[in-house]
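*Asks:* Below is the file final39.cif, with mmCIF, C-alpha atoms and all ligand atoms.
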data_protein
loop_
_atom_site.label_atom_id
_atom_site.label_comp_id
_atom_site.auth_asym_id
_atom_site.auth_seq_id
_atom_site.Cartn_x
_atom_site.Cartn_y
_atom_site.Cartn_z
CA MET A 26 -52.45 -181.04 147.73
CA GLY A 27 -49.40 -178.97 146.78
CA MET A 28 -48.51 -178.13 150.35
CA LYS A 29 -49.00 -181.64 151.64
CA GLU A 30 -45.77 -183.18 152.80
CA ASN A 31 -44.66 -186.38 151.11
CA ARG A 32 -43.98 -189.08 153.69
CA LEU A 33 -41.42 -190.69 151.42
CA ASP A 34 -39.32 -187.59 150.69
CA GLY A 35 -35.67 -188.54 150.58
CA LEU A 36 -36.30 -192.26 151.01
CA ALA A 37 -35.18 -195.07 148.71
CA ILE A 38 -38.05 -196.46 146.67
CA PRO A 39 -37.80 -200.21 146.03
CA LYS A 40 -37.57 -200.87 142.31
CA HIS A 41 -39.54 -204.12 142.52
CA VAL A 42 -42.22 -204.90 145.11
CA ALA A 43 -43.84 -208.34 145.34
CA PHE A 44 -47.15 -208.90 147.13
CA ILE A 45 -48.79 -211.97 148.60
CA MET A 46 -52.34 -210.65 148.44
CA ASP A 47 -53.75 -212.62 151.37
CA GLY A 48 -56.80 -212.24 153.61
CA ASN A 49 -59.68 -211.68 151.21
CA GLY A 50 -61.74 -214.39 152.90
CA ARG A 51 -61.10 -213.16 156.43
CA TRP A 52 -61.82 -209.58 155.39
CA ALA A 53 -65.22 -210.72 154.12
CA ARG A 54 -65.97 -212.85 157.17
CA ALA A 55 -65.16 -209.97 159.52
CA LYS A 56 -67.80 -207.95 157.68
CA GLY A 57 -70.37 -210.74 157.59
CA LYS A 58 -70.01 -211.07 153.82
CA LYS A 59 -69.29 -213.98 151.50
CA ARG A 60 -65.68 -214.92 150.70
CA THR A 61 -66.38 -214.08 147.07
CA THR A 62 -67.12 -210.47 148.05
CA GLY A 63 -63.66 -210.37 149.58
CA HIS A 64 -62.08 -211.56 146.35
CA ARG A 65 -63.96 -208.92 144.36
CA GLU A 66 -62.78 -206.23 146.74
CA GLY A 67 -59.25 -207.65 146.55
CA SER A 68 -59.18 -207.22 142.81
CA ARG A 69 -60.12 -203.54 143.28
CA THR A 70 -57.25 -203.17 145.73
CA LEU A 71 -54.87 -204.60 143.15
CA LYS A 72 -55.88 -202.00 140.56
CA ASN A 73 -55.43 -199.22 143.09
CA ILE A 74 -52.07 -200.46 144.39
CA CYS A 75 -50.66 -200.64 140.87
CA LYS A 76 -51.47 -196.98 140.33
CA VAL A 77 -50.21 -195.93 143.74
CA ALA A 78 -46.98 -197.95 143.49
CA TYR A 79 -46.16 -196.42 140.13
CA GLU A 80 -46.86 -192.90 141.39
CA LEU A 81 -44.43 -193.54 144.23
CA GLY A 82 -41.74 -194.58 141.75
CA VAL A 83 -41.92 -198.38 141.90
CA GLU A 84 -41.04 -199.88 138.50
CA TYR A 85 -42.05 -203.53 138.95
CA VAL A 86 -44.92 -205.09 140.88
CA THR A 87 -45.43 -208.85 141.13
CA VAL A 88 -48.59 -210.19 142.75
CA TYR A 89 -49.56 -213.68 143.87
CA ALA A 90 -53.12 -214.12 142.60
CA PHE A 91 -53.65 -217.90 142.43
CA SER A 92 -51.27 -220.61 143.60
CA THR A 93 -50.77 -224.15 142.32
CA GLU A 94 -52.22 -225.17 145.70
CA ASN A 95 -55.36 -223.00 145.46
CA TRP A 96 -57.09 -225.69 143.35
CA LYS A 97 -57.69 -227.48 146.67
CA ARG A 98 -60.42 -224.95 147.53
CA SER A 99 -64.10 -225.71 146.98
CA ASP A 100 -65.28 -226.03 143.37
CA GLU A 101 -67.49 -223.03 144.00
CA GLU A 102 -64.65 -220.79 145.16
CA VAL A 103 -62.30 -221.92 142.35
CA ALA A 104 -65.03 -221.27 139.78
CA PHE A 105 -65.64 -217.81 141.21
CA LEU A 106 -61.93 -216.99 141.17
CA MET A 107 -61.71 -218.08 137.50
CA ARG A 108 -64.70 -215.87 136.66
CA LEU A 109 -63.12 -212.94 138.44
CA LEU A 110 -59.89 -213.63 136.62
CA ARG A 111 -61.61 -213.60 133.22
CA GLN A 112 -63.16 -210.27 134.07
CA TYR A 113 -59.90 -208.85 135.40
CA LEU A 114 -57.92 -209.96 132.32
CA LYS A 115 -60.53 -208.47 130.02
CA GLU A 116 -60.67 -205.14 131.85
CA SER A 117 -56.89 -205.03 132.05
CA VAL A 118 -56.56 -204.52 128.31
CA GLN A 119 -58.08 -201.02 128.74
CA GLU A 120 -56.51 -200.54 132.16
CA ALA A 121 -53.03 -201.23 130.72
CA GLU A 122 -53.56 -198.63 128.03
CA LYS A 123 -54.95 -196.07 130.46
CA ASN A 124 -52.11 -196.52 132.94
CA ASN A 125 -49.35 -197.39 130.48
CA MET A 126 -48.83 -200.81 132.17
CA ARG A 127 -46.93 -203.78 130.78
CA ILE A 128 -48.56 -206.91 132.13
CA LYS A 129 -47.05 -210.38 132.13
CA VAL A 130 -48.44 -213.55 133.64
CA ILE A 131 -46.12 -215.98 135.41
CA GLY A 132 -47.00 -219.53 136.43
CA HIS A 133 -48.08 -222.75 134.77
CA ILE A 134 -50.29 -221.08 132.15
CA GLU A 135 -51.03 -224.34 130.24
CA GLY A 136 -52.76 -225.61 133.37
CA LEU A 137 -55.41 -222.85 133.20
CA PRO A 138 -58.68 -223.08 131.24
CA ARG A 139 -58.13 -222.55 127.49
CA ASP A 140 -60.12 -219.31 127.26
CA ILE A 141 -58.11 -217.81 130.11
CA GLN A 142 -54.88 -218.74 128.30
CA ASP A 143 -56.19 -216.86 125.26
CA LYS A 144 -57.04 -213.79 127.35
CA ILE A 145 -53.55 -213.84 128.85
CA GLU A 146 -51.98 -214.03 125.41
CA LEU A 147 -54.02 -211.10 124.16
CA LEU A 148 -53.33 -208.95 127.22
CA GLU A 149 -49.59 -209.60 127.06
CA LYS A 150 -49.52 -208.88 123.35
CA VAL A 151 -51.40 -205.60 123.72
CA SER A 152 -49.54 -204.34 126.76
CA ILE A 153 -46.00 -205.10 125.62
CA GLN A 154 -45.97 -201.66 123.93
CA TYR A 155 -46.39 -199.83 127.25
CA ASP A 156 -43.38 -198.86 129.30
CA GLY A 157 -44.85 -197.67 132.59
CA LEU A 158 -45.36 -200.04 135.51
CA LYS A 159 -44.30 -203.64 134.79
CA LEU A 160 -46.90 -205.84 136.43
CA GLN A 161 -46.34 -209.59 136.81
CA ILE A 162 -49.40 -211.59 137.85
CA ALA A 163 -48.69 -215.03 139.32
CA LEU A 164 -51.48 -217.38 138.20
CA ASN A 165 -51.44 -221.12 138.80
CA TYR A 166 -48.03 -220.25 140.16
CA GLY A 167 -45.85 -222.25 142.56
CA GLY A 168 -42.19 -221.55 143.18
CA ARG A 169 -41.32 -225.25 143.18
CA ASP A 170 -43.34 -225.87 140.03
CA GLU A 171 -41.54 -222.97 138.33
CA ILE A 172 -38.14 -224.45 139.24
CA VAL A 173 -39.19 -227.92 138.01
CA ARG A 174 -40.41 -226.43 134.72
CA ALA A 175 -37.08 -224.57 134.35
CA ILE A 176 -35.11 -227.78 134.99
CA LYS A 177 -37.13 -229.57 132.31
CA LYS A 178 -36.48 -226.78 129.79
CA ILE A 179 -32.76 -226.73 130.59
CA ASN A 180 -32.62 -230.52 130.32
CA HIS A 181 -34.23 -230.34 126.90
CA GLU A 182 -31.65 -227.76 125.78
CA LEU A 183 -28.86 -230.07 126.99
CA GLU A 184 -30.30 -233.04 125.12
CA THR A 185 -30.59 -231.01 121.91
CA ASP A 186 -27.09 -229.52 122.36
CA VAL A 187 -28.43 -225.97 122.62
CA LEU A 188 -26.70 -225.80 126.01
CA GLN A 189 -23.61 -227.46 127.45
CA HIS A 190 -23.21 -228.51 131.10
CA SER A 191 -20.61 -225.77 131.54
CA ASP A 192 -23.26 -223.14 130.61
CA ILE A 193 -25.24 -223.87 133.76
CA ASN A 194 -24.86 -221.21 136.42
CA GLU A 195 -27.14 -218.98 138.53
CA ASP A 196 -27.73 -216.45 135.76
CA LEU A 197 -28.73 -219.19 133.35
CA VAL A 198 -31.17 -220.71 135.83
CA SER A 199 -32.70 -217.23 136.38
CA ARG A 200 -33.19 -216.89 132.65
CA TYR A 201 -35.17 -220.14 132.48
CA LEU A 202 -37.57 -219.07 135.22
CA ASP A 203 -40.87 -217.36 134.40
CA THR A 204 -39.38 -214.09 135.68
CA SER A 205 -36.58 -214.10 133.10
CA GLY A 206 -35.29 -210.56 132.57
CA ILE A 207 -37.07 -209.14 135.60
CA PRO A 208 -34.90 -208.00 138.51
CA ASP A 209 -35.44 -209.84 141.81
CA PRO A 210 -37.88 -208.14 144.20
CA ASP A 211 -36.38 -205.66 146.67
CA LEU A 212 -39.37 -205.82 148.99
CA MET A 213 -41.96 -208.57 149.56
CA ILE A 214 -45.17 -207.66 151.37
CA ARG A 215 -47.62 -210.24 152.74
CA THR A 216 -50.92 -209.06 154.14
CA SER A 217 -53.23 -210.65 156.73
CA GLY A 218 -50.72 -211.73 159.35
CA GLU A 219 -49.44 -215.05 157.95
CA VAL A 220 -45.66 -215.23 158.13
CA ARG A 221 -44.82 -217.72 155.38
CA LEU A 222 -44.05 -217.80 151.67
CA SER A 223 -46.70 -220.32 150.58
CA ASN A 224 -44.51 -221.32 147.61
CA PHE A 225 -44.09 -217.77 146.23
CA LEU A 226 -40.95 -216.82 144.22
CA LEU A 227 -38.66 -219.22 146.12
CA TRP A 228 -35.61 -218.51 143.97
CA GLN A 229 -36.18 -214.79 143.42
CA LEU A 230 -36.71 -213.84 147.08
CA ALA A 231 -33.24 -215.04 148.18
CA TYR A 232 -32.14 -211.54 149.29
CA THR A 233 -35.45 -209.68 149.39
CA GLU A 234 -36.58 -207.71 152.46
CA PHE A 235 -39.82 -209.07 153.93
CA TYR A 236 -42.66 -207.00 155.38
CA PHE A 237 -45.66 -208.59 157.06
CA THR A 238 -48.78 -206.68 158.04
CA GLU A 239 -51.94 -207.73 159.87
CA LYS A 240 -54.05 -205.73 157.43
CA TYR A 241 -56.22 -207.85 155.12
CA TRP A 242 -55.51 -207.34 151.42
CA PRO A 243 -58.78 -205.50 150.63
CA ASP A 244 -57.81 -202.89 153.26
CA PHE A 245 -54.28 -202.41 151.93
CA ASP A 246 -53.89 -198.87 150.58
CA LYS A 247 -51.44 -196.11 149.75
CA ASN A 248 -50.79 -195.34 153.38
CA ALA A 249 -50.05 -199.01 154.11
CA LEU A 250 -47.63 -199.20 151.17
CA GLU A 251 -45.88 -196.06 152.40
CA ASP A 252 -45.54 -197.64 155.86
CA ALA A 253 -43.86 -200.67 154.27
CA ILE A 254 -41.47 -198.49 152.28
CA ILE A 255 -40.57 -196.48 155.38
CA LYS A 256 -39.79 -199.74 157.23
CA TYR A 257 -37.80 -200.95 154.21
CA ASN A 258 -35.63 -197.87 154.55
CA GLU A 259 -34.85 -198.65 158.19
CA THR A 260 -33.00 -201.87 157.35
CA GLU A 261 -29.59 -202.11 155.79
CA ARG A 262 -29.28 -204.62 152.98
CA ARG A 263 -25.92 -206.36 153.30
CA PHE A 264 -26.21 -209.22 150.78
CA GLY A 265 -23.78 -211.26 152.86
CA GLY A 266 -21.24 -208.46 153.21
CA LEU A 267 -20.38 -206.41 156.29
CA ALA A 268 -22.35 -203.63 157.98
CA ASP A 269 -21.47 -200.10 156.89
CA GLU A 270 -19.13 -198.29 159.29
CA THR A 271 -20.86 -195.28 160.77
C1 LIG A 301 -56.10 -214.43 149.08
O1 LIG A 301 -57.11 -214.43 150.02
C2 LIG A 301 -56.63 -214.70 147.68
C3 LIG A 301 -56.32 -216.05 147.17
C4 LIG A 301 -55.55 -216.94 147.74
C5 LIG A 301 -56.93 -216.41 145.91
P1 LIG A 301 -57.62 -215.75 150.71
O2 LIG A 301 -58.72 -216.32 149.90
O3 LIG A 301 -56.48 -216.70 150.95
O4 LIG A 301 -58.19 -215.21 152.07
P2 LIG A 301 -58.04 -215.89 153.50
O5 LIG A 301 -56.60 -216.18 153.70
O6 LIG A 301 -58.88 -217.13 153.47
O7 LIG A 301 -58.56 -214.86 154.44
C1 LIG A 302 -51.14 -217.59 149.11
O1 LIG A 302 -52.24 -217.47 149.94
C2 LIG A 302 -51.60 -217.59 147.68
C3 LIG A 302 -52.17 -216.34 147.20
C4 LIG A 302 -52.26 -215.22 147.85
C5 LIG A 302 -52.65 -216.38 145.84
P1 LIG A 302 -52.97 -218.73 150.56
O2 LIG A 302 -54.06 -218.21 151.41
O3 LIG A 302 -53.33 -219.69 149.50
O4 LIG A 302 -51.80 -219.40 151.44
P2 LIG A 302 -51.88 -220.30 152.73
O5 LIG A 302 -52.83 -221.42 152.43
O6 LIG A 302 -52.36 -219.43 153.84
O7 LIG A 302 -50.46 -220.74 152.96
MG MG A 303 -55.20 -217.01 152.48
#
Please express what this file holds, its structure, as structure tokens.
Ligand code: IPE
Ligand code: IPE
Ligand code: MG
*Replies:*
Amino acid sequence: MGMKENRLDGLAIPKHVAFIMDGNGRWARAKGKKRTTGHREGSRTLKNICKVAYELGVEYVTVYAFSTENWKRSDEEVAFLMRLLRQYLKESVQEAEKNNMRIKVIGHIEGLPRDIQDKIELLEKVSIQYDGLKLQIALNYGGRDEIVRAIKKINHELETDVLQHSDINEDLVSRYLDTSGIPDPDLMIRTSGEVRLSNFLLWQLAYTEFYFTEKYWPDFDKNALEDAIIKYNETERRFGGLADET
């Protein structure tokens, strides 16, 4: 262990990594298993990646777990995902304590079953005291829905004179999103070969570096995350400015 060379020595570690955890179903099918088995395995991968990311020095992880569009799946699959979610939220109370994680859920929480809303509230309340990895879980989340909800909140503040029109700027809009106070992701990783955003963090990913891998989410591991961070270090982030002179 001690003599093993660290592949990331001297490299910049992204402060915030966002994941589109895709490919659970295809992972299962390739193994002749049910899609639900893939989801179960995917939730194990999430627990592992949180630990690994924090060990590597990542401060924030945001994961896409259930989109506003995922309700279109079969009743059976949606029901299974909600069951898995209940279990995950319950276990996460201990997991947060063990790993010093602060967990926050983003998305249209009121649109989730009542008991899940309660579990989210409890988990957030318990884990707010921890200051290790900040984990955001996107549940019933859609980037467009998040922006619409922010516009409604801002509109309400205008109508009640809490805000004036002249207060509206990019920082204010950011503060009315679910990710208020959380820095934008530096790196976004999508597994399973799809090259699209599927309505994930539309506002926040404006200047994020994207990394796509063919690996299915259940197979994503420490080595795969290191590969992504190495690739992240090969690009120069210009944010609209000019390339560095070399
Ligand atoms: C991602 O895996 C998990 C969720 C969207 C809930 P998928 O279920 O989308 O797996 P594929 O894309 O069908 O393989
Ligand atoms: C995106 O994956 C949503 C999550 C990972 C939760 P999907 O599998 O739902 O996206 P599409 O349908 O391939 O765009
Ligand atoms: Mg998918």
*Asks:* Which one is closest to A:Asp140: A:Leu212, A:Met107, A:Leu164, A:Met46? Count all atoms listed in the file.
*Replies:*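 Selected residue with least distance to A:Asp140: A:Met107.
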*Asks:* Write out as a list in words which residues come within 9 Å of A:Glu149 when counting all atoms listed in the file, dropping same-chain ones fewer than 5 positions away.
*Replies:* Val118, Arg127, Ile128, Lys129, Val130 and Lys144 of chain A
*Asks:* Convert the current residue selection to file output with C-alpha atoms, as a short mmCIF file (atom, residue, chain, number, x, y, z; two decimals), in the coordinates of the input.
*Replies:*
data_model
loop_
_atom_site.label_atom_id
_atom_site.label_comp_id
_atom_site.auth_asym_id
_atom_site.auth_seq_id
_atom_site.Cartn_x
_atom_site.Cartn_y
_atom_site.Cartn_z
CA VAL A 118 -56.56 -204.52 128.31
CA ARG A 127 -46.93 -203.78 130.78
CA ILE A 128 -48.56 -206.91 132.13
CA LYS A 129 -47.05 -210.38 132.13
CA VAL A 130 -48.44 -213.55 133.64
CA LYS A 144 -57.04 -213.79 127.35
#
*Asks:* Using only C-alpha atoms and all ligand atoms, which of A:Glu116, A:Asp100, A:Glu30, A:Glu94 sits nearest ligand LIG 302 (chain A)?
*Replies:*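 Nearest to ligand LIG 302 (chain A): A:Glu94.
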*Asks:* For the point (-34.5, -210.7, 142.6) in the file's frame, write as a list in words all residues with an atom no more than 7 Å away, counting all atoms listed in the file.
*Replies:*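 All residues meeting the 7 Å criterion around (-34.5, -210.7, 142.6) are Pro208, Asp209, Pro210, Asp211, Gln229, Leu230 and Thr233 of chain A.
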*Asks:* Rank nothing, just name the residue among A:Gly50, A:Gly167, A:Gly136, A:Pro243 nearest to ligand MG 303 (chain A), using only C-alpha atoms and all ligand atoms.
*Replies:*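 Looking at the shortest contact to ligand MG 303 (chain A), the residue is A:Gly50.
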